[in-house]
Amino acid sequence: MSTVKDQIATAVDHLGDELESLSRRIHDNPELGYQEVKAAGWLTEFLAGQGFKVERGVGGVETAFRATIETGDGPSIAILCEYDALPAIGHACGHNVIATAGVGAGAGLAAVRDKLPKGRIHVIGTPAEEGGGGKVRLIRGGVFTGVDAAMMVHGWDRWVPHQDLLGVVRVGFEFTGKAAHASADPWEGINALDGVIQTFNNVSMLRQQVRPDARVHGIVTSGGAAPNIIPEFAAATFYVRAASLEYLAQLQKRVIACAEGAAKATGSTLKVIEYDNTYEPMKRNQTLADAFRVNMRRVGVTESPEIKERLGSSDVGNVSQVLPTIQPYVKIAPDGTPWHSRAFEEAAVSPLAREGLLAAAKVMAMTTLDLLDDPDLLARAKQEFRAAP
Ligand SMILES: [Zn+2]
Ligand SMILES: [Zn+2]
């Protein structure tokens with residue numbers, strides 16, 4: 001098998017300039033979630049050129065795609081791409097690297113197609129990670145049905161095979177009161193803004209009682225019309241994050257109770273708005289992470305330890321709750337570069353990003369090969385998935 005892995009590495013290196021220019025093109029044409037028309041077009045064009053059978057608009061999502069190579073009856077392994085950008089700061093999350101590492105891995109496998117064990121390789125394009133929950137829609141749309149294991153990478157300032165991700169749920173609060181002159185007739189009014197302010201106060205008290213890895217953070221989205229009118233309407237949106245689905249649900253209830261108490265205290269009427277695209281916590285799959293790690297060593301990258309306090313969220317968490325999934329981190333930026341910063345946006349097309357993207361493409365392709373080649377490895381990943389809470 002070692003020779004096939006060498007051939008994968010050589011194939012990815014041969015495509016280095018093409019992958020880098022594809023990455024730069026996506027980077028320099030940032031598109032927001034569900035509007036990634038150009039990126040999806042370029043990525044599918046590239047994959048079709050490598051011999052993949054391409055389906056566009058899968059799962060009812062226009063900018064999603066699934067590209068497949070099939071070598072016979074066997075396991076299905078998915079490599080995931082993201083390619084949405086952020087408002088105002090473009091590709092400051094480096095999704096251009098995720099996308100091109102994904103299609104690069106696919107190309108590396110396509111190059112050794114004749115030597116691949118039987119099975120199916122999917123490169124799946126998953127739009128709108130930054131808040132839009134593209135993977136949630138693709139799961140519901142059946143795009144992951146029949147997939148045995150999935151992997152993707154994300155850019156960072158270090159290589160880490162596994163990092164926890166918190167689940168996150170959004171909840172909105174709308175308070176309705178009664179307008180009145182704030183000086184002449186304040187006792188005739190019901191102050192909806194007080195409902196919002198009291199909610200924040202209640203949440204601040206709740207914060208002392210929550211687990212250290214939970215996060216609750218909100219903004220006021222509407223706070224009244226003028227100081228001389230008792231606000232008749234006010235609203236806030238909160239994100240609630242936790243490391244387990246169970247605790248996420250508990251904490252969400254308690255945050256809602258904070259708003260209910262505030263409504264009661266102020267006499268305003270509360271409408272709770274629950275959004276249905278919860279991002280679920282990342283379910284660890286050590287078997288897959290270890291397989292990835294072995295190939296990381298093979299391509300000569302150095303691993304960093306997990307970091308327990310820099311915790312984000314992603315809809316890949318939802319995928320990890322339905323099938324064995326990993327999202328290792330790849331060094332594409334200098335040490336200490338924060339995500340969602342101008343510096344990260346610049347780093348995402350640096351020579352370091354090229355290095356990371358090519359190494360990640362090789363490691364994902366090699367790990368996919370291992371999963372197709374070693375039924376025991378896949379069986380252990382599935383067993384671990386079933387056994388984990
Ligand atoms: Zn991001
Ligand atoms: Zn991201």
# chains A, B, ... in the order shown; residues from 1 in each chain; ligands from 1
>>> closest_atom_pairs(of="chain A", to="ligand 1", cutoff="7 Å", atoms="only C-alpha atoms and all ligand atoms", output="CSV")
residue,atom,partner,partner_atom_place_in_ligand_line,distance
A:Cys93,CA,ligand 1,1 (Zn),4.6
A:Glu130,CA,ligand 1,1 (Zn),5.7
A:Trp339,CA,ligand 1,1 (Zn),6.8
A:His340,CA,ligand 1,1 (Zn),6.1
>>> write_last_selection(atoms="N, CA, C and O atoms", output="PDB file, in the first residue's frame")
ATOM      1  N   CYS A  93     -12.057  32.962   7.450  1.00  0.00           N
ATOM      2  CA  CYS A  93     -12.088  31.650   8.114  1.00  0.00           C
ATOM      3  C   CYS A  93     -11.342  30.632   7.243  1.00  0.00           C
ATOM      4  O   CYS A  93     -11.270  29.456   7.579  1.00  0.00           O
ATOM      5  N   GLU A 130     -21.036  29.288   7.910  1.00  0.00           N
ATOM      6  CA  GLU A 130     -21.011  30.443   8.818  1.00  0.00           C
ATOM      7  C   GLU A 130     -22.428  30.894   9.187  1.00  0.00           C
ATOM      8  O   GLU A 130     -22.887  31.951   8.756  1.00  0.00           O
ATOM      9  N   TRP A 339      -8.928  33.381  14.276  1.00  0.00           N
ATOM     10  CA  TRP A 339      -9.904  33.203  13.194  1.00  0.00           C
ATOM     11  C   TRP A 339     -10.698  34.485  13.023  1.00  0.00           C
ATOM     12  O   TRP A 339     -10.802  35.295  13.946  1.00  0.00           O
ATOM     13  N   HIS A 340     -11.328  34.606  11.887  1.00  0.00           N
ATOM     14  CA  HIS A 340     -12.228  35.739  11.602  1.00  0.00           C
ATOM     15  C   HIS A 340     -11.514  37.078  11.779  1.00  0.00           C
ATOM     16  O   HIS A 340     -12.123  38.053  12.223  1.00  0.00           O
TER      17      HIS A 340
END
>>> residues_near_ligand(ligand="ligand 2", cutoff="10 Å", atoms="only C-alpha atoms and all ligand atoms", output="VMD selection string")
chain A and resid 82 to 86 91 to 96 98 128 to 130 153 to 156 312 to 315 339 to 340
>>> write_last_selection(atoms="N, CA and C atoms", output="PDB file, in the first residue's frame")
ATOM      1  N   GLU A  82     -16.012  23.180   2.378  1.00  0.00           N
ATOM      2  CA  GLU A  82     -16.774  24.408   2.673  1.00  0.00           C
ATOM      3  C   GLU A  82     -16.167  25.500   1.818  1.00  0.00           C
ATOM      4  N   TYR A  83     -16.996  26.485   1.424  1.00  0.00           N
ATOM      5  CA  TYR A  83     -16.460  27.554   0.558  1.00  0.00           C
ATOM      6  C   TYR A  83     -17.205  28.859   0.731  1.00  0.00           C
ATOM      7  N   ASP A  84     -17.939  28.999   1.863  1.00  0.00           N
ATOM      8  CA  ASP A  84     -18.612  30.284   2.109  1.00  0.00           C
ATOM      9  C   ASP A  84     -17.656  31.247   2.817  1.00  0.00           C
ATOM     10  N   ALA A  85     -17.892  32.532   2.579  1.00  0.00           N
ATOM     11  CA  ALA A  85     -17.068  33.585   3.185  1.00  0.00           C
ATOM     12  C   ALA A  85     -17.881  34.325   4.239  1.00  0.00           C
ATOM     13  N   LEU A  86     -17.213  35.235   4.926  1.00  0.00           N
ATOM     14  CA  LEU A  86     -17.852  36.027   5.973  1.00  0.00           C
ATOM     15  C   LEU A  86     -18.258  37.396   5.429  1.00  0.00           C
ATOM     16  N   HIS A  91     -12.686  35.836   3.197  1.00  0.00           N
ATOM     17  CA  HIS A  91     -12.314  34.473   3.590  1.00  0.00           C
ATOM     18  C   HIS A  91     -11.429  34.463   4.843  1.00  0.00           C
ATOM     19  N   ALA A  92     -11.909  35.149   5.882  1.00  0.00           N
ATOM     20  CA  ALA A  92     -11.163  35.223   7.144  1.00  0.00           C
ATOM     21  C   ALA A  92     -11.311  33.951   7.979  1.00  0.00           C
ATOM     22  N   CYS A  93     -12.057  32.962   7.450  1.00  0.00           N
ATOM     23  CA  CYS A  93     -12.088  31.650   8.114  1.00  0.00           C
ATOM     24  C   CYS A  93     -11.342  30.632   7.243  1.00  0.00           C
ATOM     25  N   GLY A  94     -10.833  31.081   6.106  1.00  0.00           N
ATOM     26  CA  GLY A  94     -10.008  30.208   5.258  1.00  0.00           C
ATOM     27  C   GLY A  94     -10.759  29.068   4.601  1.00  0.00           C
ATOM     28  N   HIS A  95     -12.052  29.235   4.321  1.00  0.00           N
ATOM     29  CA  HIS A  95     -12.806  28.133   3.719  1.00  0.00           C
ATOM     30  C   HIS A  95     -12.341  27.844   2.283  1.00  0.00           C
ATOM     31  N   ASN A  96     -11.638  28.806   1.671  1.00  0.00           N
ATOM     32  CA  ASN A  96     -11.039  28.530   0.359  1.00  0.00           C
ATOM     33  C   ASN A  96     -10.027  27.381   0.451  1.00  0.00           C
ATOM     34  N   ILE A  98     -10.187  24.940   2.836  1.00  0.00           N
ATOM     35  CA  ILE A  98     -10.975  23.718   3.084  1.00  0.00           C
ATOM     36  C   ILE A  98     -11.445  23.131   1.755  1.00  0.00           C
ATOM     37  N   ALA A 128     -22.607  27.327   3.271  1.00  0.00           N
ATOM     38  CA  ALA A 128     -23.171  28.106   4.390  1.00  0.00           C
ATOM     39  C   ALA A 128     -22.842  27.569   5.772  1.00  0.00           C
ATOM     40  N   GLU A 129     -21.554  27.332   6.038  1.00  0.00           N
ATOM     41  CA  GLU A 129     -21.186  26.911   7.403  1.00  0.00           C
ATOM     42  C   GLU A 129     -21.321  28.067   8.392  1.00  0.00           C
ATOM     43  N   GLU A 130     -21.036  29.288   7.910  1.00  0.00           N
ATOM     44  CA  GLU A 130     -21.011  30.443   8.818  1.00  0.00           C
ATOM     45  C   GLU A 130     -22.428  30.894   9.187  1.00  0.00           C
ATOM     46  N   VAL A 153     -11.079  19.159   6.715  1.00  0.00           N
ATOM     47  CA  VAL A 153     -10.079  19.848   7.526  1.00  0.00           C
ATOM     48  C   VAL A 153     -10.512  21.306   7.666  1.00  0.00           C
ATOM     49  N   HIS A 154      -9.938  21.981   8.660  1.00  0.00           N
ATOM     50  CA  HIS A 154     -10.164  23.422   8.801  1.00  0.00           C
ATOM     51  C   HIS A 154      -8.818  24.088   9.052  1.00  0.00           C
ATOM     52  N   GLY A 155      -8.616  25.248   8.465  1.00  0.00           N
ATOM     53  CA  GLY A 155      -7.369  25.974   8.671  1.00  0.00           C
ATOM     54  C   GLY A 155      -7.264  26.544  10.077  1.00  0.00           C
ATOM     55  N   TRP A 156      -6.005  26.614  10.561  1.00  0.00           N
ATOM     56  CA  TRP A 156      -5.734  27.200  11.877  1.00  0.00           C
ATOM     57  C   TRP A 156      -4.274  27.642  11.912  1.00  0.00           C
ATOM     58  N   GLY A 312     -15.038  26.783  19.383  1.00  0.00           N
ATOM     59  CA  GLY A 312     -16.024  27.310  18.446  1.00  0.00           C
ATOM     60  C   GLY A 312     -17.131  26.302  18.204  1.00  0.00           C
ATOM     61  N   SER A 313     -17.859  26.514  17.129  1.00  0.00           N
ATOM     62  CA  SER A 313     -18.949  25.613  16.764  1.00  0.00           C
ATOM     63  C   SER A 313     -18.981  25.507  15.244  1.00  0.00           C
ATOM     64  N   SER A 314     -19.517  24.399  14.748  1.00  0.00           N
ATOM     65  CA  SER A 314     -19.649  24.232  13.298  1.00  0.00           C
ATOM     66  C   SER A 314     -20.730  23.197  13.026  1.00  0.00           C
ATOM     67  N   ASP A 315     -21.342  23.314  11.848  1.00  0.00           N
ATOM     68  CA  ASP A 315     -22.354  22.321  11.483  1.00  0.00           C
ATOM     69  C   ASP A 315     -21.745  20.960  11.131  1.00  0.00           C
ATOM     70  N   TRP A 339      -8.928  33.381  14.276  1.00  0.00           N
ATOM     71  CA  TRP A 339      -9.904  33.203  13.194  1.00  0.00           C
ATOM     72  C   TRP A 339     -10.698  34.485  13.023  1.00  0.00           C
ATOM     73  N   HIS A 340     -11.328  34.606  11.887  1.00  0.00           N
ATOM     74  CA  HIS A 340     -12.228  35.739  11.602  1.00  0.00           C
ATOM     75  C   HIS A 340     -11.514  37.078  11.779  1.00  0.00           C
TER      76      HIS A 340
END
>>> residues_around(residues="Met152 (chain A)", least_positions_apart="5", cutoff="12 Å", atoms="only C-alpha atoms", output="CSV table (one decimal) with N, CA, C and O atoms, in the first residue's frame")
chain,number,residue,atom,x,y,z
A,77,ILE,N,-16.9,6.7,1.6
A,77,ILE,CA,-16.2,7.6,2.4
A,77,ILE,C,-16.4,9.0,1.8
A,77,ILE,O,-16.3,9.2,0.6
A,78,ALA,N,-16.7,10.0,2.7
A,78,ALA,CA,-17.0,11.3,2.2
A,78,ALA,C,-15.9,12.3,2.6
A,78,ALA,O,-15.4,12.2,3.8
A,79,ILE,N,-15.5,13.2,1.7
A,79,ILE,CA,-14.6,14.3,2.0
A,79,ILE,C,-15.4,15.6,1.8
A,79,ILE,O,-16.0,15.7,0.8
A,80,LEU,N,-15.4,16.4,2.9
A,80,LEU,CA,-16.3,17.6,2.8
A,80,LEU,C,-15.5,18.8,2.5
A,80,LEU,O,-14.4,19.1,3.0
A,81,CYS,N,-16.2,19.7,1.7
A,81,CYS,CA,-15.7,21.0,1.4
A,81,CYS,C,-16.6,22.1,1.9
A,81,CYS,O,-17.8,21.9,1.9
A,82,GLU,N,-16.0,23.2,2.4
A,82,GLU,CA,-16.8,24.4,2.7
A,82,GLU,C,-16.2,25.5,1.8
A,82,GLU,O,-15.0,25.5,1.5
A,95,HIS,N,-12.1,29.2,4.3
A,95,HIS,CA,-12.8,28.1,3.7
A,95,HIS,C,-12.3,27.8,2.3
A,95,HIS,O,-12.6,26.8,1.8
A,97,VAL,N,-9.3,27.3,1.6
A,97,VAL,CA,-8.4,26.2,1.8
A,97,VAL,C,-9.1,24.9,2.1
A,97,VAL,O,-8.7,23.8,1.5
A,98,ILE,N,-10.2,24.9,2.8
A,98,ILE,CA,-11.0,23.7,3.1
A,98,ILE,C,-11.4,23.1,1.8
A,98,ILE,O,-11.3,21.9,1.5
A,99,ALA,N,-12.0,24.0,0.9
A,99,ALA,CA,-12.5,23.6,-0.4
A,99,ALA,C,-11.5,22.9,-1.2
A,99,ALA,O,-11.7,21.8,-1.8
A,100,THR,N,-10.3,23.6,-1.4
A,100,THR,CA,-9.3,23.1,-2.3
A,100,THR,C,-8.6,21.9,-1.7
A,100,THR,O,-8.1,21.0,-2.5
A,101,ALA,N,-8.4,21.8,-0.4
A,101,ALA,CA,-7.9,20.6,0.2
A,101,ALA,C,-8.8,19.4,-0.1
A,101,ALA,O,-8.3,18.3,-0.4
A,102,GLY,N,-10.1,19.7,0.0
A,102,GLY,CA,-11.1,18.6,-0.3
A,102,GLY,C,-11.0,18.1,-1.7
A,102,GLY,O,-10.9,16.9,-1.9
A,103,VAL,N,-11.0,19.0,-2.7
A,103,VAL,CA,-11.0,18.6,-4.1
A,103,VAL,C,-9.6,18.0,-4.4
A,103,VAL,O,-9.5,17.1,-5.3
A,104,GLY,N,-8.6,18.6,-3.7
A,104,GLY,CA,-7.2,18.0,-4.0
A,104,GLY,C,-7.1,16.6,-3.5
A,104,GLY,O,-6.5,15.8,-4.1
A,105,ALA,N,-7.7,16.3,-2.3
A,105,ALA,CA,-7.8,14.9,-1.8
A,105,ALA,C,-8.5,14.0,-2.9
A,105,ALA,O,-8.0,12.9,-3.2
A,106,GLY,N,-9.6,14.5,-3.4
A,106,GLY,CA,-10.3,13.7,-4.4
A,106,GLY,C,-9.5,13.5,-5.6
A,106,GLY,O,-9.4,12.4,-6.1
A,122,HIS,N,-16.9,10.1,-2.1
A,122,HIS,CA,-17.7,11.3,-2.4
A,122,HIS,C,-16.9,12.5,-2.0
A,122,HIS,O,-16.4,12.6,-0.8
A,123,VAL,N,-16.8,13.5,-2.8
A,123,VAL,CA,-16.4,14.8,-2.4
A,123,VAL,C,-17.7,15.7,-2.3
A,123,VAL,O,-18.4,15.8,-3.3
A,124,ILE,N,-18.1,16.1,-1.1
A,124,ILE,CA,-19.4,16.7,-0.9
A,124,ILE,C,-19.2,18.2,-0.6
A,124,ILE,O,-18.4,18.6,0.3
A,125,GLY,N,-19.8,19.1,-1.4
A,125,GLY,CA,-19.7,20.5,-1.2
A,125,GLY,C,-20.8,21.0,-0.3
A,125,GLY,O,-22.0,20.8,-0.6
A,126,THR,N,-20.5,21.5,0.9
A,126,THR,CA,-21.4,21.9,1.9
A,126,THR,C,-21.4,23.4,2.1
A,126,THR,O,-20.6,23.9,2.8
A,161,PRO,N,-5.3,16.9,15.3
A,161,PRO,CA,-6.2,15.9,14.7
A,161,PRO,C,-7.6,16.0,15.2
A,161,PRO,O,-8.6,15.7,14.5
A,162,HIS,N,-7.8,16.5,16.5
A,162,HIS,CA,-9.1,16.6,17.0
A,162,HIS,C,-9.2,17.8,17.9
A,162,HIS,O,-8.4,18.0,18.8
A,288,LEU,N,-10.7,7.4,13.9
A,288,LEU,CA,-10.4,8.2,12.6
A,288,LEU,C,-9.3,9.2,12.8
A,288,LEU,O,-8.5,9.4,12.0
A,289,ALA,N,-9.3,9.9,14.0
A,289,ALA,CA,-8.3,10.9,14.3
A,289,ALA,C,-6.9,10.2,14.3
A,289,ALA,O,-6.0,10.8,13.8
A,292,PHE,N,-5.8,9.5,10.8
A,292,PHE,CA,-5.4,10.7,10.2
A,292,PHE,C,-4.0,11.1,10.7
A,292,PHE,O,-3.1,11.5,9.9
A,314,SER,N,-19.5,24.4,14.7
A,314,SER,CA,-19.6,24.2,13.3
A,314,SER,C,-20.7,23.2,13.0
A,314,SER,O,-21.0,22.3,13.8
A,315,ASP,N,-21.3,23.3,11.8
A,315,ASP,CA,-22.4,22.3,11.5
A,315,ASP,C,-21.7,21.0,11.1
A,315,ASP,O,-22.5,20.0,10.9
A,316,VAL,N,-20.4,20.9,11.1
A,316,VAL,CA,-19.8,19.5,11.0
A,316,VAL,C,-20.1,18.7,12.2
A,316,VAL,O,-20.1,17.5,12.2
A,317,GLY,N,-20.4,19.4,13.3
A,317,GLY,CA,-20.8,18.7,14.6
A,317,GLY,C,-22.1,17.9,14.3
A,317,GLY,O,-22.1,16.7,14.8
A,319,VAL,N,-22.9,16.5,11.5
A,319,VAL,CA,-22.5,15.3,10.7
A,319,VAL,C,-21.9,14.3,11.7
A,319,VAL,O,-22.2,13.1,11.6
A,320,SER,N,-21.1,14.8,12.6
A,320,SER,CA,-20.4,13.9,13.6
A,320,SER,C,-21.4,13.1,14.5
A,320,SER,O,-21.1,12.1,15.1
A,324,PRO,N,-19.5,8.5,11.8
A,324,PRO,CA,-18.1,8.8,12.3
A,324,PRO,C,-17.5,9.9,11.4
A,324,PRO,O,-17.5,9.7,10.2
A,325,THR,N,-17.0,10.9,12.1
A,325,THR,CA,-16.6,12.1,11.3
A,325,THR,C,-15.4,12.7,12.1
A,325,THR,O,-15.4,12.7,13.3
A,326,ILE,N,-14.5,13.3,11.3
A,326,ILE,CA,-13.4,14.1,11.9
A,326,ILE,C,-13.2,15.4,11.2
A,326,ILE,O,-13.5,15.5,10.0
A,327,GLN,N,-12.8,16.4,12.0
A,327,GLN,CA,-12.4,17.7,11.4
A,327,GLN,C,-11.1,18.1,12.0
A,327,GLN,O,-11.0,18.9,12.9
A,328,PRO,N,-10.0,17.6,11.5
A,328,PRO,CA,-8.7,18.0,12.0
A,328,PRO,C,-8.3,19.4,11.5
A,328,PRO,O,-8.9,19.9,10.6
A,329,TYR,N,-7.4,20.0,12.3
A,329,TYR,CA,-7.0,21.4,11.9
A,329,TYR,C,-5.6,21.4,11.3
A,329,TYR,O,-4.8,20.5,11.6
A,330,VAL,N,-5.5,22.3,10.4
A,330,VAL,CA,-4.3,22.4,9.5
A,330,VAL,C,-3.6,23.7,9.7
A,330,VAL,O,-4.3,24.8,9.6
A,357,LEU,N,-2.6,23.3,2.6
A,357,LEU,CA,-3.6,22.7,1.7
A,357,LEU,C,-3.1,21.5,1.0
A,357,LEU,O,-3.8,20.5,0.9
A,360,ALA,N,-2.8,18.7,3.6
A,360,ALA,CA,-4.1,18.2,4.1
A,360,ALA,C,-4.7,17.4,3.0
A,360,ALA,O,-5.4,16.3,3.3
A,361,ALA,N,-4.6,17.8,1.7
A,361,ALA,CA,-5.2,17.0,0.6
A,361,ALA,C,-4.6,15.6,0.7
A,361,ALA,O,-5.3,14.6,0.5
A,363,VAL,N,-3.1,14.0,3.2
A,363,VAL,CA,-3.4,13.2,4.4
A,363,VAL,C,-4.9,12.7,4.3
A,363,VAL,O,-5.2,11.5,4.7
A,364,MET,N,-5.8,13.5,3.8
A,364,MET,CA,-7.2,13.1,3.7
A,364,MET,C,-7.3,11.9,2.6
A,364,MET,O,-8.0,11.0,2.9
A,365,ALA,N,-6.6,12.1,1.5
A,365,ALA,CA,-6.6,11.0,0.5
A,365,ALA,C,-6.1,9.7,1.1
A,365,ALA,O,-6.7,8.6,0.9
A,367,THR,N,-5.9,8.8,4.2
A,367,THR,CA,-6.8,8.3,5.2
A,367,THR,C,-8.0,7.6,4.6
A,367,THR,O,-8.5,6.6,5.1
A,368,THR,N,-8.5,8.2,3.5
A,368,THR,CA,-9.6,7.6,2.8
A,368,THR,C,-9.2,6.2,2.2
A,368,THR,O,-9.9,5.3,2.3
>>> residues_around(residues="Pro281 (chain A)", least_positions_apart="4", cutoff="7 Å", atoms="only C-alpha atoms", output="number ranges by chain")
A: 165-167, 243-245, 317
>>> write_last_selection(atoms="N, CA, C and O atoms", output="mmCIF file, in the first residue's frame")
data_model
loop_
_atom_site.group_PDB
_atom_site.id
_atom_site.type_symbol
_atom_site.label_atom_id
_atom_site.label_comp_id
_atom_site.auth_asym_id
_atom_site.auth_seq_id
_atom_site.Cartn_x
_atom_site.Cartn_y
_atom_site.Cartn_z
ATOM 1 N N LEU A 165 -15.835 20.808 19.576
ATOM 2 C CA LEU A 165 -16.660 21.925 19.124
ATOM 3 C C LEU A 165 -17.897 21.956 20.008
ATOM 4 O O LEU A 165 -18.461 20.903 20.323
ATOM 5 N N LEU A 166 -18.301 23.151 20.399
ATOM 6 C CA LEU A 166 -19.508 23.269 21.212
ATOM 7 C C LEU A 166 -20.737 23.220 20.318
ATOM 8 O O LEU A 166 -20.703 23.686 19.187
ATOM 9 N N GLY A 167 -21.827 22.696 20.860
ATOM 10 C CA GLY A 167 -23.110 22.845 20.183
ATOM 11 C C GLY A 167 -23.581 24.273 20.388
ATOM 12 O O GLY A 167 -23.236 24.909 21.385
ATOM 13 N N ALA A 243 -21.123 21.816 25.542
ATOM 14 C CA ALA A 243 -20.322 20.708 25.010
ATOM 15 C C ALA A 243 -21.120 19.432 24.779
ATOM 16 O O ALA A 243 -20.645 18.522 24.107
ATOM 17 N N SER A 244 -22.324 19.343 25.353
ATOM 18 C CA SER A 244 -23.142 18.158 25.080
ATOM 19 C C SER A 244 -24.552 18.600 24.698
ATOM 20 O O SER A 244 -25.018 19.662 25.117
ATOM 21 N N LEU A 245 -25.205 17.755 23.901
ATOM 22 C CA LEU A 245 -26.566 18.078 23.464
ATOM 23 C C LEU A 245 -27.510 18.193 24.643
ATOM 24 O O LEU A 245 -28.389 19.049 24.683
ATOM 25 N N GLY A 317 -20.375 19.395 13.327
ATOM 26 C CA GLY A 317 -20.812 18.720 14.554
ATOM 27 C C GLY A 317 -22.054 17.874 14.294
ATOM 28 O O GLY A 317 -22.147 16.733 14.775
#
>>> closest_atom_pairs(of="region 238-357 of chain A", to="region 171-190 of chain A", cutoff="10 Å", atoms="only C-alpha atoms", output="tab-separated table")
residue	atom	partner	partner_atom	distance
A:Phe238	CA	A:Val171	CA	5.4
A:Tyr239	CA	A:Val171	CA	6.5
A:Val240	CA	A:Val171	CA	7.8
A:Gln252	CA	A:Val171	CA	8.0
A:Val255	CA	A:Val171	CA	8.8
A:Ile256	CA	A:Val171	CA	8.1
A:Ala259	CA	A:Phe173	CA	7.2
A:Glu260	CA	A:Phe173	CA	9.4
A:Ala262	CA	A:Phe175	CA	9.4
A:Ala263	CA	A:Phe175	CA	7.3
A:Thr266	CA	A:Ile190	CA	7.1
A:Gly267	CA	A:Ile190	CA	6.5
A:Ser268	CA	A:Gly177	CA	4.8
A:Thr269	CA	A:Thr176	CA	5.0
A:Leu270	CA	A:Phe175	CA	4.7
A:Lys271	CA	A:Glu174	CA	5.1
A:Val272	CA	A:Phe173	CA	4.9
A:Ile273	CA	A:Gly172	CA	4.6
A:Glu274	CA	A:Val171	CA	5.1
A:Tyr275	CA	A:Val171	CA	6.4
A:Asp276	CA	A:Val171	CA	9.5
A:Thr278	CA	A:Val171	CA	10.0
>>> select_by_dssp(residues="region 270-335 of chain A", states="alpha helix (DSSP H)", output="ChimeraX atom specification")
/A:286-299,316-322
>>> select_by_dssp(residues="region 287-331 of chain A", states="strand (DSSP E or B)", output="VMD selection string")
chain A and resid 303 325 to 326 329 to 331
>>> write_last_selection(atoms="N, CA, C and O atoms", output="PDB file, in the first residue's frame")
ATOM      1  N   GLU A 303       2.450  17.731  14.884  1.00  0.00           N
ATOM      2  CA  GLU A 303       1.166  17.854  15.576  1.00  0.00           C
ATOM      3  C   GLU A 303       1.296  18.733  16.821  1.00  0.00           C
ATOM      4  O   GLU A 303       2.306  18.689  17.516  1.00  0.00           O
ATOM      5  N   THR A 325     -17.049  10.915  12.065  1.00  0.00           N
ATOM      6  CA  THR A 325     -16.586  12.112  11.348  1.00  0.00           C
ATOM      7  C   THR A 325     -15.407  12.738  12.079  1.00  0.00           C
ATOM      8  O   THR A 325     -15.379  12.748  13.311  1.00  0.00           O
ATOM      9  N   ILE A 326     -14.457  13.285  11.324  1.00  0.00           N
ATOM     10  CA  ILE A 326     -13.393  14.089  11.942  1.00  0.00           C
ATOM     11  C   ILE A 326     -13.236  15.405  11.203  1.00  0.00           C
ATOM     12  O   ILE A 326     -13.509  15.499  10.002  1.00  0.00           O
ATOM     13  N   TYR A 329      -7.403  20.030  12.260  1.00  0.00           N
ATOM     14  CA  TYR A 329      -6.977  21.394  11.943  1.00  0.00           C
ATOM     15  C   TYR A 329      -5.612  21.370  11.280  1.00  0.00           C
ATOM     16  O   TYR A 329      -4.763  20.546  11.597  1.00  0.00           O
ATOM     17  N   VAL A 330      -5.451  22.314  10.366  1.00  0.00           N
ATOM     18  CA  VAL A 330      -4.279  22.371   9.502  1.00  0.00           C
ATOM     19  C   VAL A 330      -3.630  23.731   9.659  1.00  0.00           C
ATOM     20  O   VAL A 330      -4.330  24.751   9.649  1.00  0.00           O
ATOM     21  N   LYS A 331      -2.320  23.738   9.771  1.00  0.00           N
ATOM     22  CA  LYS A 331      -1.637  25.031   9.916  1.00  0.00           C
ATOM     23  C   LYS A 331      -1.599  25.758   8.572  1.00  0.00           C
ATOM     24  O   LYS A 331      -1.007  25.285   7.615  1.00  0.00           O
TER      25      LYS A 331
END
>>> atom_distance(atom1="CA of Gln286 (chain A)", atom2="CA of Lys382 (chain A)")
10.8 Å
>>> closest_residue(among="A:Ala149, A:Ala242, A:Leu371, A:Ile307", to="Pro212 (chain A)", atoms="only C-alpha atoms")
A:Ala242
>>> atom_distance(atom1="CA of Thr63 (chain A)", atom2="CA of Asp148 (chain A)")
23.4 Å
